[in-house]
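Before any comments, here is the structure.
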Amino acid sequence: MGKDKLRKFAENLTFECFVQPAFEEMFRTDHPLKGNWRKDFFKNDNPIVLELGCGKGEYTVALAERNPDKNFIGVDIKGARIWRGAKTATERKMGNVGFLRARIEFITSLFAEGEVDEIWITFPDPQLRTKRAKKRLTAPIFLEYYSKLLAKDGGSTSRPTRNTFSNTPRPLSRSSALSARWQITISTARAMPTRYSR
Ligand SMILES: C[S@@+](CC[C@H](N)C(=O)[O-])C[C@H]1O[C@@H](n2cnc3c(N)ncnc32)[C@H](O)[C@@H]1O
């Protein structure tokens, strides 16, 4: 592994906004922050917005700057990418930003039912090969997980029933869940360009 990656991995651990759960804290168990992100991490009662597969966290940081009354958590497995967002949030002293290095497969070990108010998925890996379709962040198993996090009433009536592809980035929000029709938007807009939108 390159020295630069190792340096970023080490620096990640010094950022207050960075959380890297150990495997044993997520695998078939609940992480201590599950259900406690507002109280123990952000120390406020504001809504929580997730950006899943956040890469370098451009959306997480930019949305957090525009919405100081909400808490934003970027989730990605790639430590060297997430480092960029965590470093920016640290330098800008942003108290409403967190970065979580974890596989989204473990998301229900990391957030409690109803703990999340919005989910953004921007420019996800398309996973074009049929064999990899189940890895898409919009694959049915992932939608099932998201419905649990978003549905404050237990979730069984608010399962996603369709995917919509559009040019306008829009959050996957609880209000649409209430109508039992969630809109998963795969953003292709260039309003906030990221490495993967170009
Ligand atoms: C194409 S990039 C897009 C990054 C960012 N959303 C952007 O627009 O710049 C997809 C990101 O999703 C992350 N990712 C894909 N599947 C994941 C999973 N199961 N768990 C965690 N991260 C995942 C990858 O590591 C990668 O950084």
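Residues are named by chain letter and number: chains run A, B, ... in the order of the structure tokens, numbers start at 1 in each chain, and ligands are numbered from 1 in the order shown.
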Considering only C-alpha atoms and all ligand atoms, give me a table of residues in chain A that are at most 9 Å from ligand 1, with the closest atom pair and distance in Å for each, as a tab-separated table.
residue	atom	partner	partner_atom_place_in_ligand_line	distance
A:Glu51	CA	ligand 1	6 (N)	7.6
A:Leu52	CA	ligand 1	22 (N)	6.8
A:Gly53	CA	ligand 1	12 (O)	3.3
A:Cys54	CA	ligand 1	6 (N)	4.1
A:Gly55	CA	ligand 1	27 (O)	3.6
A:Lys56	CA	ligand 1	9 (O)	6.0
A:Gly57	CA	ligand 1	5 (C)	6.7
A:Glu58	CA	ligand 1	9 (O)	6.7
A:Tyr59	CA	ligand 1	6 (N)	7.5
A:Val75	CA	ligand 1	21 (C)	6.4
A:Asp76	CA	ligand 1	22 (N)	3.8
A:Ile77	CA	ligand 1	21 (C)	4.2
A:Lys78	CA	ligand 1	25 (O)	4.9
A:Gly79	CA	ligand 1	25 (O)	8.5
A:Arg81	CA	ligand 1	27 (O)	6.6
A:Ile82	CA	ligand 1	27 (O)	7.9
A:Arg101	CA	ligand 1	21 (C)	7.5
A:Ala102	CA	ligand 1	21 (C)	5.8
A:Arg103	CA	ligand 1	20 (N)	3.6
A:Ile104	CA	ligand 1	20 (N)	4.0
A:Glu105	CA	ligand 1	19 (N)	5.7
A:Phe106	CA	ligand 1	20 (N)	8.3
A:Ile107	CA	ligand 1	20 (N)	8.9
A:Trp120	CA	ligand 1	6 (N)	8.8
A:Ile121	CA	ligand 1	6 (N)	6.4
A:Thr122	CA	ligand 1	6 (N)	4.4
A:Phe123	CA	ligand 1	8 (O)	4.4
A:Pro124	CA	ligand 1	10 (C)	4.5
A:Asp125	CA	ligand 1	1 (C)	4.3
A:Pro126	CA	ligand 1	1 (C)	7.6
A:Lys135	CA	ligand 1	19 (N)	6.5
A:Arg136	CA	ligand 1	16 (N)	6.8
A:Leu137	CA	ligand 1	16 (N)	6.2
A:Phe142	CA	ligand 1	19 (N)	9.0
A:Ser187	CA	ligand 1	8 (O)	8.6
A:Met192	CA	ligand 1	8 (O)	8.9
A:Pro193	CA	ligand 1	8 (O)	7.6
A:Thr194	CA	ligand 1	9 (O)	4.5
A:Arg195	CA	ligand 1	9 (O)	5.1
A:Tyr196	CA	ligand 1	9 (O)	4.8
A:Ser197	CA	ligand 1	8 (O)	6.0
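By chain and then residue number, the residues within 10 Å of Trp83 (chain A) are Lys5, Arg7, Lys8, Phe9, Ala10, Glu11, Asn12, Leu13, Phe15, Phe18, Gly55, Lys56, Gly57, Lys78, Gly79, Ala80, Arg81, Gly85, Ala86, Lys87, Thr88, Ala89, Phe99 and Arg101 of chain A, counting only C-alpha atoms and disregarding those fewer than 2 positions away in sequence.
Among the candidates A:Leu149, A:Met94, A:Ala22, A:Gly35, the one nearest to Arg66 (chain A) when counting only C-alpha atoms is A:Met94.
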Give me the residues near Val97 (chain A) as JSON, numbers by chain, where near means some atom within 12 Å (using only C-alpha atoms) and where sequence neighbours in that chain fewer than 4 positions away do not count. {"A": [15, 16, 17, 18, 19, 37, 38, 41, 42, 43, 46, 47, 48, 49, 50, 51, 57, 58, 59, 60, 61, 62, 63, 64, 65, 66, 67, 68, 69, 70, 71, 72, 73, 74, 75, 85, 86, 87, 88, 89, 90, 91, 92, 93]}
One decimal place gives the CA of Ser109 (chain A)-CA of Lys34 (chain A) separation as 6.7 Å
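One finds CA of Leu6 (chain A) at 13.7 Å from CA of Arg84 (chain A).
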Practice problem: Run DSSP on the backbone and grab whatever in region 17-130 of chain A lands in strand (DSSP E or B); send it over as an MDAnalysis selection string. | Solution: chainID A and resid 18:19 48:52 71:76 97:101 118:120 122
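For the pair CA of Gly95 (chain A) and CA of Lys39 (chain A), the separation is 13.3 Å.
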